[in-house]
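K.L.:
Please find final_23.txt (compact mmCIF, C-alpha atoms and all ligand atoms) on the next line:
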```
# COMPACT_ATOMS: atom_id res chain seq x y z
CA MET B 1 0.00 0.00 0.00
CA ASN B 2 2.27 2.74 1.17
CA GLN B 3 5.29 2.10 -1.06
CA ILE B 4 7.06 5.06 0.48
CA LEU B 5 7.35 3.56 3.92
CA SER B 6 8.33 0.12 2.75
CA ALA B 7 10.97 1.32 0.29
CA PRO B 8 14.50 1.72 1.63
CA LYS B 9 15.43 5.34 2.23
CA VAL B 10 17.50 6.92 -0.54
CA ARG B 11 20.68 8.49 0.77
CA LEU B 12 23.10 10.98 -0.73
CA ASN B 13 25.67 8.25 -1.18
CA ASP B 14 23.26 6.26 -3.41
CA VAL B 15 22.77 9.33 -5.55
CA GLN B 16 26.50 9.96 -5.87
CA ILE B 17 26.93 6.38 -7.09
CA LEU B 18 24.31 6.99 -9.79
CA ASP B 19 26.32 9.99 -11.01
CA ALA B 20 29.56 8.03 -10.96
CA GLN B 21 27.97 5.35 -13.15
CA ASP B 22 26.11 7.70 -15.50
CA PRO B 23 27.15 7.00 -19.13
CA LEU B 24 25.94 10.48 -20.15
CA ALA B 25 27.72 12.36 -17.36
CA HIS B 26 30.32 13.71 -19.79
CA CYS B 27 27.61 15.59 -21.75
CA ARG B 28 27.22 18.16 -18.98
CA GLU B 29 30.59 19.56 -20.05
CA ARG B 30 28.99 20.50 -23.34
CA PHE B 31 26.89 23.16 -21.60
CA GLN B 32 27.70 26.47 -20.01
CA LEU B 33 25.72 26.65 -16.79
CA PRO B 34 26.18 29.31 -14.12
CA ASP B 35 27.70 28.26 -10.81
CA GLY B 36 25.20 27.76 -8.04
CA VAL B 37 22.30 27.09 -10.40
CA ILE B 38 20.36 23.86 -10.74
CA TYR B 39 18.54 24.31 -13.99
CA LEU B 40 15.26 22.41 -14.10
CA ASP B 41 13.68 24.53 -16.81
CA GLY B 42 15.26 23.08 -19.94
CA ASN B 43 11.72 22.17 -20.99
CA SER B 44 11.00 25.89 -21.39
CA LEU B 45 14.35 27.34 -22.48
CA GLY B 46 17.22 24.90 -22.89
CA ALA B 47 20.64 25.67 -21.40
CA MET B 48 23.32 27.11 -23.68
CA PRO B 49 25.68 24.61 -25.30
CA LYS B 50 29.31 25.73 -25.24
CA SER B 51 29.47 25.16 -28.98
CA VAL B 52 27.23 28.17 -29.59
CA PRO B 53 29.19 31.35 -28.70
CA ALA B 54 32.21 30.67 -30.93
CA ARG B 55 29.96 29.73 -33.83
CA MET B 56 27.86 32.87 -33.31
CA THR B 57 30.95 35.06 -33.13
CA ARG B 58 32.13 33.65 -36.46
CA ALA B 59 28.67 34.14 -37.95
CA ILE B 60 28.56 37.76 -36.82
CA GLU B 61 32.14 38.90 -37.26
CA GLN B 62 33.04 36.97 -40.41
CA GLU B 63 29.96 35.79 -42.23
CA TRP B 64 27.85 38.87 -41.59
CA ALA B 65 30.38 41.71 -41.12
CA VAL B 66 32.84 40.62 -43.82
CA GLY B 67 30.99 38.18 -46.04
CA LEU B 68 27.86 40.33 -46.12
CA ILE B 69 25.26 39.17 -48.59
CA ARG B 70 27.77 36.78 -50.20
CA SER B 71 27.38 34.55 -47.14
CA TRP B 72 23.98 33.30 -48.28
CA ASN B 73 26.07 31.31 -50.77
CA ASP B 74 29.61 31.25 -49.40
CA ALA B 75 28.74 30.41 -45.79
CA ASP B 76 25.93 28.04 -46.77
CA TRP B 77 23.29 30.17 -45.11
CA TYR B 78 20.73 29.47 -47.79
CA PRO B 79 20.45 25.66 -47.33
CA ALA B 80 20.45 25.89 -43.51
CA PRO B 81 16.70 25.19 -43.02
CA GLN B 82 17.04 21.86 -44.82
CA ARG B 83 20.43 21.03 -43.28
CA VAL B 84 19.36 21.70 -39.70
CA GLY B 85 16.08 19.89 -40.34
CA GLY B 86 18.14 16.90 -41.44
CA ARG B 87 20.06 16.93 -38.16
CA ILE B 88 16.82 17.11 -36.16
CA SER B 89 15.32 14.24 -38.19
CA GLN B 90 17.82 11.89 -36.53
CA LEU B 91 16.35 12.71 -33.12
CA ILE B 92 12.72 12.10 -34.10
CA GLY B 93 12.82 8.99 -36.27
CA ALA B 94 12.30 10.75 -39.60
CA LYS B 95 14.18 10.92 -42.91
CA PRO B 96 16.35 14.01 -43.46
CA HIS B 97 14.22 15.34 -46.32
CA GLU B 98 11.04 15.05 -44.21
CA VAL B 99 12.05 17.78 -41.75
CA ILE B 100 12.71 21.47 -42.29
CA VAL B 101 13.35 24.33 -39.88
CA ALA B 102 11.10 27.36 -40.16
CA ASP B 103 9.02 29.87 -38.23
CA SER B 104 7.54 28.99 -34.83
CA ILE B 105 5.41 26.07 -33.68
CA SER B 106 2.35 28.32 -33.86
CA VAL B 107 2.94 29.30 -37.48
CA ASN B 108 3.86 25.77 -38.52
CA LEU B 109 0.71 24.42 -36.91
CA PHE B 110 -1.31 26.88 -38.97
CA LYS B 111 0.40 25.82 -42.20
CA ILE B 112 0.08 22.12 -41.46
CA LEU B 113 -3.52 22.18 -40.22
CA VAL B 114 -4.68 24.01 -43.34
CA ALA B 115 -2.64 21.76 -45.63
CA ALA B 116 -3.96 18.65 -43.86
CA LEU B 117 -7.59 19.83 -44.02
CA ARG B 118 -7.18 20.31 -47.74
CA MET B 119 -6.15 16.65 -48.00
CA ARG B 120 -9.47 15.57 -46.51
CA PRO B 121 -12.10 17.42 -48.55
CA GLY B 122 -15.59 16.64 -47.33
CA ARG B 123 -14.47 16.37 -43.72
CA LYS B 124 -14.70 19.41 -41.50
CA ARG B 125 -13.61 18.38 -38.04
CA ILE B 126 -10.31 19.05 -36.27
CA LEU B 127 -10.22 17.00 -33.09
CA GLY B 128 -8.04 18.20 -30.24
CA GLU B 129 -7.64 17.67 -26.51
CA ILE B 130 -8.75 19.66 -23.49
CA GLY B 131 -5.61 20.68 -21.62
CA ASN B 132 -3.42 21.15 -24.67
CA PHE B 133 -1.03 24.10 -24.80
CA PRO B 134 -3.05 27.26 -25.55
CA THR B 135 -1.41 28.14 -28.87
CA ASP B 136 -2.28 24.70 -30.26
CA VAL B 137 -5.91 25.29 -29.30
CA TYR B 138 -6.04 28.88 -30.56
CA ILE B 139 -4.44 28.05 -33.91
CA ALA B 140 -6.75 25.08 -34.46
CA SER B 141 -9.78 27.27 -33.63
CA GLY B 142 -8.50 29.97 -35.97
CA VAL B 143 -7.98 27.48 -38.79
CA ALA B 144 -11.45 26.06 -38.24
CA GLU B 145 -12.92 29.57 -38.45
CA LEU B 146 -11.03 30.35 -41.64
CA MET B 147 -11.74 27.05 -43.35
CA GLU B 148 -15.39 26.82 -42.29
CA ALA B 149 -14.52 23.73 -40.32
CA GLU B 150 -15.06 22.93 -36.64
CA PHE B 151 -12.61 22.43 -33.82
CA ILE B 152 -13.67 20.07 -31.05
CA ALA B 153 -11.58 19.39 -27.96
CA VAL B 154 -12.28 16.36 -25.77
CA GLU B 155 -10.81 15.02 -22.54
CA PRO B 156 -7.76 12.82 -23.25
CA ASP B 157 -9.60 9.78 -21.85
CA ASP B 158 -12.39 10.26 -24.41
CA LEU B 159 -10.05 10.77 -27.32
CA LEU B 160 -10.00 7.32 -28.93
CA ALA B 161 -13.80 7.14 -28.97
CA ALA B 162 -13.98 10.61 -30.55
CA ILE B 163 -11.81 9.60 -33.53
CA THR B 164 -14.67 8.87 -35.92
CA GLU B 165 -15.21 9.17 -39.65
CA GLU B 166 -16.26 12.81 -39.28
CA VAL B 167 -12.74 13.70 -38.21
CA ALA B 168 -10.33 15.13 -40.77
CA ILE B 169 -7.40 15.87 -38.45
CA VAL B 170 -6.44 14.81 -34.95
CA SER B 171 -4.18 17.50 -33.47
CA LEU B 172 -2.37 16.55 -30.26
CA THR B 173 0.68 17.36 -28.22
CA HIS B 174 2.66 14.18 -27.63
CA VAL B 175 3.92 15.00 -24.12
CA ASN B 176 1.53 17.26 -22.21
CA TYR B 177 3.22 20.49 -21.09
CA LYS B 178 1.57 20.48 -17.67
CA SER B 179 1.33 16.84 -16.63
CA GLY B 180 4.22 15.37 -18.62
CA LYS B 181 1.96 12.45 -19.58
CA PHE B 182 2.34 11.24 -23.15
CA TYR B 183 0.18 9.57 -25.73
CA ASP B 184 0.86 6.30 -27.49
CA MET B 185 1.74 7.84 -30.83
CA ALA B 186 1.50 4.63 -32.88
CA ALA B 187 -1.85 3.56 -31.39
CA ILE B 188 -3.55 6.92 -31.88
CA THR B 189 -2.14 7.32 -35.37
CA GLN B 190 -3.39 3.83 -36.22
CA ARG B 191 -6.86 4.60 -34.89
CA ALA B 192 -6.98 7.83 -36.92
CA HIS B 193 -5.83 6.09 -40.08
CA ASP B 194 -8.44 3.37 -39.56
CA VAL B 195 -11.18 6.00 -39.96
CA GLY B 196 -9.37 7.90 -42.70
CA ALA B 197 -8.16 10.81 -40.54
CA LEU B 198 -4.70 12.38 -40.37
CA VAL B 199 -2.71 13.22 -37.24
CA VAL B 200 -0.60 16.26 -36.37
CA TRP B 201 1.78 15.72 -33.44
CA ASP B 202 3.28 18.59 -31.48
CA LEU B 203 6.70 17.45 -30.25
CA ALA B 204 7.50 20.53 -28.11
CA HIS B 205 8.25 18.35 -25.05
CA THR B 206 9.41 15.30 -26.98
CA ALA B 207 12.19 16.30 -29.38
CA GLY B 208 15.52 16.01 -27.60
CA ALA B 209 13.82 14.86 -24.39
CA MET B 210 13.12 11.25 -25.34
CA PRO B 211 13.37 9.01 -28.39
CA CYS B 212 10.61 9.48 -30.91
CA GLU B 213 9.96 7.29 -33.94
CA LEU B 214 7.71 9.27 -36.25
CA ASN B 215 8.02 6.95 -39.22
CA ALA B 216 7.76 3.77 -37.18
CA ALA B 217 4.50 5.20 -35.77
CA LYS B 218 3.37 6.06 -39.33
CA ALA B 219 2.95 9.69 -38.29
CA ASP B 220 1.60 12.10 -40.91
CA PHE B 221 2.71 15.50 -39.63
CA ALA B 222 4.62 16.92 -36.70
CA VAL B 223 5.83 20.27 -35.43
CA GLY B 224 8.35 21.00 -32.70
CA CYS B 225 10.34 23.57 -30.89
CA GLY B 226 13.97 24.67 -31.27
CA TYR B 227 14.41 26.37 -27.91
CA LYS B 228 13.29 23.74 -25.38
CA TYR B 229 15.15 20.41 -25.21
CA LEU B 230 17.03 21.19 -28.45
CA ASN B 231 18.69 24.16 -26.69
CA GLY B 232 18.64 26.46 -29.72
CA GLY B 233 18.28 29.67 -27.70
CA PRO B 234 15.42 32.06 -26.96
CA GLY B 235 12.97 32.16 -29.85
CA ALA B 236 14.97 29.62 -31.88
CA PRO B 237 13.15 28.60 -35.06
CA ALA B 238 10.88 25.58 -34.95
CA PHE B 239 10.77 22.49 -37.16
CA VAL B 240 8.09 20.78 -39.15
CA PHE B 241 7.82 17.18 -40.36
CA VAL B 242 5.68 15.86 -43.19
CA ALA B 243 5.82 12.15 -44.04
CA GLU B 244 7.24 11.65 -47.51
CA ARG B 245 4.00 10.03 -48.75
CA HIS B 246 2.22 13.37 -48.23
CA HIS B 247 4.76 15.56 -50.01
CA GLN B 248 3.09 15.21 -53.37
CA GLY B 249 0.33 17.79 -53.58
CA LEU B 250 1.04 19.26 -50.13
CA ASP B 251 -0.66 22.67 -50.25
CA GLN B 252 0.20 25.00 -47.41
CA PRO B 253 -1.50 28.39 -47.25
CA LEU B 254 1.38 30.78 -46.48
CA LYS B 255 2.86 30.99 -49.94
CA GLY B 256 5.98 33.02 -49.44
CA TRP B 257 8.88 33.43 -51.80
CA HIS B 258 11.20 31.03 -49.97
CA GLY B 259 8.67 28.25 -50.54
CA HIS B 260 8.74 28.87 -54.28
CA VAL B 261 10.56 26.36 -56.46
CA LYS B 262 12.80 29.12 -57.85
CA PRO B 263 12.75 32.11 -55.47
CA PHE B 264 15.44 33.97 -57.34
CA GLU B 265 13.60 34.01 -60.63
CA PHE B 266 11.16 36.43 -59.00
CA THR B 267 8.27 35.25 -61.09
CA HIS B 268 4.75 36.51 -60.54
CA ASP B 269 3.15 33.10 -60.21
CA TYR B 270 3.73 30.82 -57.25
CA VAL B 271 5.04 27.36 -57.99
CA ALA B 272 5.52 25.28 -54.85
CA GLY B 273 9.05 24.15 -54.06
CA ASN B 274 10.04 20.50 -53.95
CA GLY B 275 9.08 18.39 -50.95
CA MET B 276 9.51 20.20 -47.65
CA ASP B 277 10.95 23.31 -49.30
CA ARG B 278 7.40 24.53 -49.81
CA MET B 279 6.93 24.72 -46.03
CA LEU B 280 9.26 27.73 -46.01
CA VAL B 281 7.67 31.16 -46.09
CA GLY B 282 10.08 34.08 -45.85
CA THR B 283 13.76 34.69 -45.16
CA ALA B 284 15.08 32.47 -42.39
CA PRO B 285 16.27 34.05 -39.09
CA GLN B 286 19.81 33.09 -40.01
CA LEU B 287 21.60 33.92 -36.76
CA SER B 288 19.05 31.97 -34.74
CA LEU B 289 19.31 29.11 -37.18
CA ILE B 290 23.09 29.06 -36.82
CA ALA B 291 22.75 29.04 -33.02
CA LEU B 292 20.34 26.10 -33.23
CA GLU B 293 22.65 24.18 -35.56
CA ALA B 294 25.63 24.69 -33.25
CA ALA B 295 23.50 23.75 -30.24
CA LEU B 296 22.52 20.44 -31.80
CA GLU B 297 26.17 19.35 -31.54
CA ALA B 298 25.37 18.65 -27.89
CA PHE B 299 23.52 15.55 -29.17
CA ASP B 300 26.49 14.24 -31.17
CA GLY B 301 27.06 10.57 -30.39
CA VAL B 302 24.26 10.50 -27.82
CA ASP B 303 22.34 7.24 -27.71
CA MET B 304 18.70 8.31 -27.33
CA GLN B 305 17.85 5.07 -25.53
CA LEU B 306 20.45 5.89 -22.88
CA LEU B 307 19.05 9.40 -22.71
CA ARG B 308 15.59 7.97 -22.09
CA GLN B 309 16.88 5.64 -19.38
CA LYS B 310 18.56 8.54 -17.62
CA SER B 311 15.50 10.75 -17.97
CA GLN B 312 13.33 8.06 -16.37
CA ALA B 313 15.86 7.56 -13.59
CA LEU B 314 16.12 11.31 -12.88
CA THR B 315 12.37 11.84 -12.76
CA SER B 316 11.87 8.69 -10.67
CA LEU B 317 14.53 9.82 -8.21
CA PHE B 318 12.86 13.21 -7.93
CA ILE B 319 9.46 11.65 -7.17
CA THR B 320 10.99 9.22 -4.66
CA LEU B 321 12.77 12.05 -2.85
CA VAL B 322 9.65 14.24 -2.84
CA ASP B 323 7.76 11.34 -1.24
CA GLN B 324 10.56 10.71 1.22
CA GLU B 325 11.39 14.28 2.25
CA LEU B 326 8.33 16.44 1.57
CA SER B 327 5.35 14.29 2.51
CA GLU B 328 4.17 16.64 5.28
CA PHE B 329 4.05 19.83 3.17
CA GLY B 330 0.94 19.30 1.06
CA PHE B 331 2.42 18.67 -2.37
CA GLY B 332 0.53 16.60 -4.91
CA LEU B 333 1.91 14.82 -7.97
CA ALA B 334 0.40 15.85 -11.33
CA THR B 335 2.64 13.54 -13.39
CA PRO B 336 2.19 9.79 -13.92
CA ARG B 337 4.03 7.79 -11.26
CA ASP B 338 4.78 5.17 -13.90
CA ALA B 339 8.01 6.30 -15.60
CA THR B 340 7.00 4.65 -18.88
CA LYS B 341 4.04 7.02 -19.14
CA ARG B 342 5.75 10.37 -18.63
CA GLY B 343 8.17 12.52 -20.58
CA SER B 344 11.15 14.24 -18.99
CA GLN B 345 9.35 16.46 -16.49
CA VAL B 346 7.69 16.16 -13.12
CA SER B 347 4.89 18.48 -12.05
CA LEU B 348 3.95 18.94 -8.43
CA THR B 349 0.87 20.76 -7.25
CA HIS B 350 0.64 23.07 -4.27
CA PRO B 351 -1.84 25.87 -3.46
CA GLN B 352 1.13 28.21 -2.88
CA GLY B 353 2.96 26.96 -5.96
CA TYR B 354 3.85 30.36 -7.37
CA ALA B 355 5.53 31.68 -4.20
CA ILE B 356 7.31 28.37 -3.59
CA ILE B 357 8.77 28.37 -7.11
CA GLN B 358 9.94 31.97 -6.63
CA ALA B 359 11.62 31.06 -3.33
CA HIS B 360 13.21 28.03 -5.00
CA ILE B 361 14.53 30.19 -7.84
CA ALA B 362 15.98 32.64 -5.30
CA ARG B 363 18.00 29.69 -3.96
CA GLY B 364 19.28 28.85 -7.44
CA VAL B 365 16.90 26.04 -8.32
CA ILE B 366 15.14 27.13 -11.48
CA GLY B 367 11.84 25.47 -12.30
CA ASP B 368 8.67 27.19 -13.40
CA PHE B 369 5.06 27.72 -12.46
CA ARG B 370 2.02 26.90 -14.57
CA SER B 371 -1.32 28.29 -13.54
CA PRO B 372 -3.22 27.53 -11.37
CA ASN B 373 -1.09 25.44 -9.01
CA ILE B 374 1.62 23.54 -10.91
CA LEU B 375 5.30 23.56 -10.00
CA ARG B 376 7.00 22.23 -13.11
CA PHE B 377 10.46 20.69 -13.17
CA GLY B 378 12.13 19.64 -16.41
CA PHE B 379 15.03 17.18 -16.38
CA ALA B 380 17.28 17.58 -19.40
CA SER B 381 19.35 14.42 -19.25
CA LEU B 382 22.33 15.93 -21.05
CA TYR B 383 23.13 18.36 -18.26
CA ILE B 384 21.22 17.39 -15.10
CA SER B 385 22.92 15.11 -12.59
CA TYR B 386 21.43 12.89 -9.92
CA CYS B 387 23.03 15.13 -7.27
CA ASP B 388 21.20 18.09 -8.84
CA VAL B 389 17.95 16.24 -8.16
CA TRP B 390 19.00 15.56 -4.59
CA ASN B 391 19.98 19.17 -3.97
CA ALA B 392 16.82 20.54 -5.60
CA VAL B 393 14.63 18.50 -3.24
CA MET B 394 16.72 19.31 -0.15
CA ILE B 395 16.57 23.04 -0.91
CA LEU B 396 12.81 22.77 -1.43
CA LYS B 397 12.54 21.03 1.92
CA ASP B 398 14.48 23.81 3.58
CA ILE B 399 12.16 26.40 2.02
CA MET B 400 9.12 24.53 3.32
CA ILE B 401 10.50 23.98 6.83
CA ASN B 402 11.51 27.62 7.20
CA GLU B 403 8.49 28.93 5.28
CA THR B 404 10.69 31.33 3.33
CA TRP B 405 8.14 31.25 0.49
CA LYS B 406 5.89 33.44 2.68
CA ARG B 407 8.12 36.47 2.09
CA ALA B 408 6.29 39.27 0.25
CA GLU B 409 8.84 39.36 -2.58
CA PHE B 410 7.88 35.82 -3.62
CA MET B 411 4.17 36.56 -3.83
CA LYS B 412 4.37 39.17 -6.61
CA GLN B 413 3.45 37.67 -9.98
CA LYS B 414 5.94 38.41 -12.78
CA ALA B 415 5.00 38.79 -16.45
CA VAL B 416 6.69 35.54 -17.52
CA THR B 417 6.21 32.62 -15.17
C1 LIG F 1 6.25 25.64 -26.01
C2 LIG F 1 5.09 25.16 -26.79
C3 LIG F 1 4.65 25.86 -27.91
C4 LIG F 1 5.29 27.16 -28.29
O1 LIG F 1 4.85 27.65 -29.49
P1 LIG F 1 5.66 28.84 -30.17
O2 LIG F 1 4.92 29.14 -31.39
O3 LIG F 1 7.05 28.34 -30.40
O4 LIG F 1 5.69 29.98 -29.20
C5 LIG F 1 3.60 25.31 -28.62
N1 LIG F 1 3.01 24.15 -28.25
C6 LIG F 1 3.42 23.47 -27.17
C7 LIG F 1 2.76 22.18 -26.80
C8 LIG F 1 4.45 23.95 -26.39
O5 LIG F 1 4.84 23.31 -25.31
```
Give the structure from this file in structure tokens form.
Ligand SMILES: *Cc1c(COP(=O)(O)O)cnc(C)c1O
P.N.:
Amino acid sequence: MNQILSAPKVRLNDVQILDAQDPLAHCRERFQLPDGVIYLDGNSLGAMPKSVPARMTRAIEQEWAVGLIRSWNDADWYPAPQRVGGRISQLIGAKPHEVIVADSISVNLFKILVAALRMRPGRKRILGEIGNFPTDVYIASGVAELMEAEFIAVEPDDLLAAITEEVAIVSLTHVNYKSGKFYDMAAITQRAHDVGALVVWDLAHTAGAMPCELNAAKADFAVGCGYKYLNGGPGAPAFVFVAERHHQGLDQPLKGWHGHVKPFEFTHDYVAGNGMDRMLVGTAPQLSLIALEAALEAFDGVDMQLLRQKSQALTSLFITLVDQELSEFGFGLATPRDATKRGSQVSLTHPQGYAIIQAHIARGVIGDFRSPNILRFGFASLYISYCDVWNAVMILKDIMINETWKRAEFMKQKAVT
């Protein structure tokens, strides 16, 4: 019954042994993290890989300042969206030419949802989930309005039953941003295909956090984020995946010149570019793209199965220590206890969540708060150690024992939580 009492107590020494045996421990050296900070917010803005500053300096001082416009050719700026997409494809189980880097998740969702609806003429329903990230819901509603379609969101538990022959598109986020719970991608995709629907997966909390096999799951479309677990920097461009079988005839609505088959012929009529090229719209944010490309070097040689094992071990250790050390302070767990059902984050609940997170941040442990009562902790396996998890919980315990979160400065709500 009470697993907590029957389980042997975890001690610091056990945690130190886990670090000593961690096959990914060397990856932490690839990141520049400030002293005295335990960074549990890589699910919101990834830490900075050390490979980035030198590459950015070269991009600014040589390629931009000296090369000027010649760098679109000479420094290979122009093919960067395809090249960086190819690198990301390795992390998500796709082929290189199925992924391209462009715009933001929000904009890519718009392009993909419209294109997908056009592939299912006669069907008018976009099916989503209650509790999805707001932009996914807003964009789907906006697309429905524009396309004279309907957007219906159901509770995750009712989802399979709601995938009927009226549905054109199922639009879901793979790992939920609040709970960390994830869907069975292959099963839901199969169910959608059985009734002739298509699926769009949002990989914001999947890409770089855990292995993902888009093609093995027969996924149709996916979008994902450059600045979370891929560590591409604030506002890094996003990526979009379209399965090769859908490339032919893919008709996305934002027809910009970079999606044209021959942008530099400056013709009046739009002719869609080949394959994923047509997902491009305007000029790429080249400096951000270069930062993202350099950041992805942090994944070089990383076995994603090992990354998953570590992620499960980190999140499990966190939950065990919360049970062991914090049971009297009124925290709840909003993440599945079963490690095989959660991504790389753990969410706790507490009525005073906002102030507690602020007090935690003041002590150097950076997590974040999601309204109304969620304390969210992301565990990026490339740079978080088992001792970080230990220290994060012990500092939280200290804050709770001493009630430091009650200080007025921690109660004031900031613009970005
Ligand atoms: C972070 C996140 C986004 C962000 O969208 P942007 O357009 O990049 O701002 C979208 N969807 C989900 C599920 C997210 O977690």
K.L.:
When you count only C-alpha atoms and all ligand atoms, which of these residues is closest to ligand LIG 1 (chain F): B:Arg308, B:His174, B:Lys95, B:Lys124?
P.N.:
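Looking at the shortest contact to ligand LIG 1 (chain F), the residue is B:His174.
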K.L.:
Tell me, counting all atoms listed in the file, for each residue of chain B within 10 Å of ligand LIG 1 (chain F), which pair of atoms is nearest and how far apart they are in Å to one decimal, in rows ordered by chain and increasing number, as a tab-separated table.
P.N.:
```
residue	atom	partner	partner_atom	distance
B:Asn43	CA	F:LIG1	C1	8.2
B:Ser44	CA	F:LIG1	C1	6.6
B:Leu45	CA	F:LIG1	C1	9.0
B:Asp103	CA	F:LIG1	O2	8.0
B:Ser104	CA	F:LIG1	O2	4.3
B:Ile105	CA	F:LIG1	O2	3.9
B:Ser106	CA	F:LIG1	O2	3.7
B:Val107	CA	F:LIG1	O2	6.4
B:Asn108	CA	F:LIG1	O2	8.0
B:Leu109	CA	F:LIG1	O2	8.4
B:Gly131	CA	F:LIG1	C7	10.0
B:Asn132	CA	F:LIG1	C7	6.6
B:Phe133	CA	F:LIG1	C7	4.7
B:Pro134	CA	F:LIG1	N1	7.3
B:Thr135	CA	F:LIG1	C5	5.8
B:Asp136	CA	F:LIG1	N1	5.7
B:Val137	CA	F:LIG1	N1	9.1
B:Ile139	CA	F:LIG1	O2	9.8
B:Leu172	CA	F:LIG1	C7	8.4
B:Thr173	CA	F:LIG1	C7	5.4
B:His174	CA	F:LIG1	C7	8.0
B:Val175	CA	F:LIG1	C7	7.8
B:Asn176	CA	F:LIG1	C7	6.8
B:Tyr177	CA	F:LIG1	O5	5.3
B:Lys178	CA	F:LIG1	O5	8.8
B:Trp201	CA	F:LIG1	C7	9.3
B:Asp202	CA	F:LIG1	C7	5.9
B:Leu203	CA	F:LIG1	C7	7.1
B:Ala204	CA	F:LIG1	O5	4.8
B:His205	CA	F:LIG1	O5	6.0
B:Thr206	CA	F:LIG1	O5	9.4
B:Val223	CA	F:LIG1	N1	8.6
B:Gly224	CA	F:LIG1	C5	7.6
B:Cys225	CA	F:LIG1	O3	5.8
B:Gly226	CA	F:LIG1	O3	7.9
B:Tyr227	CA	F:LIG1	O3	8.0
B:Lys228	CA	F:LIG1	C1	7.3
B:Pro234	CA	F:LIG1	O3	9.8
B:Gly235	CA	F:LIG1	O3	7.1
B:Ala236	CA	F:LIG1	O3	8.2
B:Pro237	CA	F:LIG1	O3	7.7
B:Ala238	CA	F:LIG1	O3	6.6
B:Phe239	CA	F:LIG1	O3	9.7
```
K.L.:
I'd like the neighbourhood of Ala7 in chain B as a list in words, where a residue qualifies if any of its atoms comes within 12 Å (using all atoms listed in the file), though same-chain residues fewer than 6 positions away should be ignored.
P.N.:
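The residues that qualify are Met1, Thr320, Leu321, Asp323 and Gln324 of chain B.
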K.L.:
Starting from the point (-7.7, 13.5, -36.5), work out which residues of protein, DNA or RNA have an atom no more than 10 Å away when counting only C-alpha atoms; state them as a VMD selection string.
P.N.:
chain B and resid 116 to 117 125 to 128 159 162 to 172 188 to 189 191 to 193 195 to 200
K.L.:
Near range 362-372 of chain B, counting only C-alpha atoms, which residues have an atom at most 6 Å away, once you skip same-chain residues fewer than 2 positions from it, shown as a PyMOL selection string?
P.N.:
chain B and resi 37-41+354+359-360+374-377+417
K.L.:
What's the 10 Å shell around Trp77 in chain B, counting only C-alpha atoms, without same-chain residues fewer than 5 positions away, as a VMD selection string?
P.N.:
chain B and resid 59 63 69 to 72 83 284 286 to 287 289 to 290
K.L.:
Calculate how many Å separate CA of Ala207 in chain B from CA of Thr349 in chain B, rounding to one decimal.
P.N.:
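CA of Thr349 in chain B lies 25.3 Å from CA of Ala207 in chain B.
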K.L.:
Using only C-alpha atoms, which of the listed residues (B:Ile100, B:Ala149, B:Ala219, B:Val302) sits closest to Gly275 in chain B?
P.N.:
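Once distances to Gly275 in chain B are computed over only C-alpha atoms, the minimum belongs to B:Ile100.
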K.L.:
I need the residue nearest His258 in chain B from this list: B:Tyr78, B:Asp303, B:Lys111, B:Cys27. Use all atoms listed in the file for the distance.
P.N.:
B:Tyr78
K.L.:
So what do you get for CA of Glu98 in chain B versus CA of Val242 in chain B, distance-wise?
P.N.:
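Going from CA of Glu98 in chain B over to CA of Val242 in chain B covers 5.5 Å.
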K.L.:
One number please: CA of Ala294 in chain B to CA of Phe31 in chain B, in Å, one decimal.
P.N.:
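Between these atoms lies a distance of 11.8 Å.
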K.L.:
Have a look at B:Leu146, B:Ala187, B:Ile60, B:Val99 and name the one nearest to Leu160 in chain B; count only C-alpha atoms.
P.N.:
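Comparing B:Leu146, B:Ala187, B:Ile60, B:Val99 against Leu160 in chain B, the winner is B:Ala187.
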K.L.:
Pick out the closest residue to Glu293 in chain B from this set: B:Leu18, B:Ala186, B:Ile361, B:Val84. Count all atoms listed in the file.
P.N.:
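Ranking B:Leu18, B:Ala186, B:Ile361, B:Val84 by distance to Glu293 in chain B, first place goes to B:Val84.
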K.L.:
Closest to Gly180 in chain B among B:Ile395, B:Ala47, B:Leu348, B:Ile17, using all atoms listed in the file?
P.N.:
B:Leu348
K.L.:
Any idea what's packed within 9 Å of Val261 in chain B, counting only C-alpha atoms, ignoring anything in its chain fewer than 4 positions away? Could you give it as a list in words?
P.N.:
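Non-adjacent residues within range: Trp257, Tyr270, Val271, Ala272, Gly273, Asn274, Asp277 and Arg278 of chain B.
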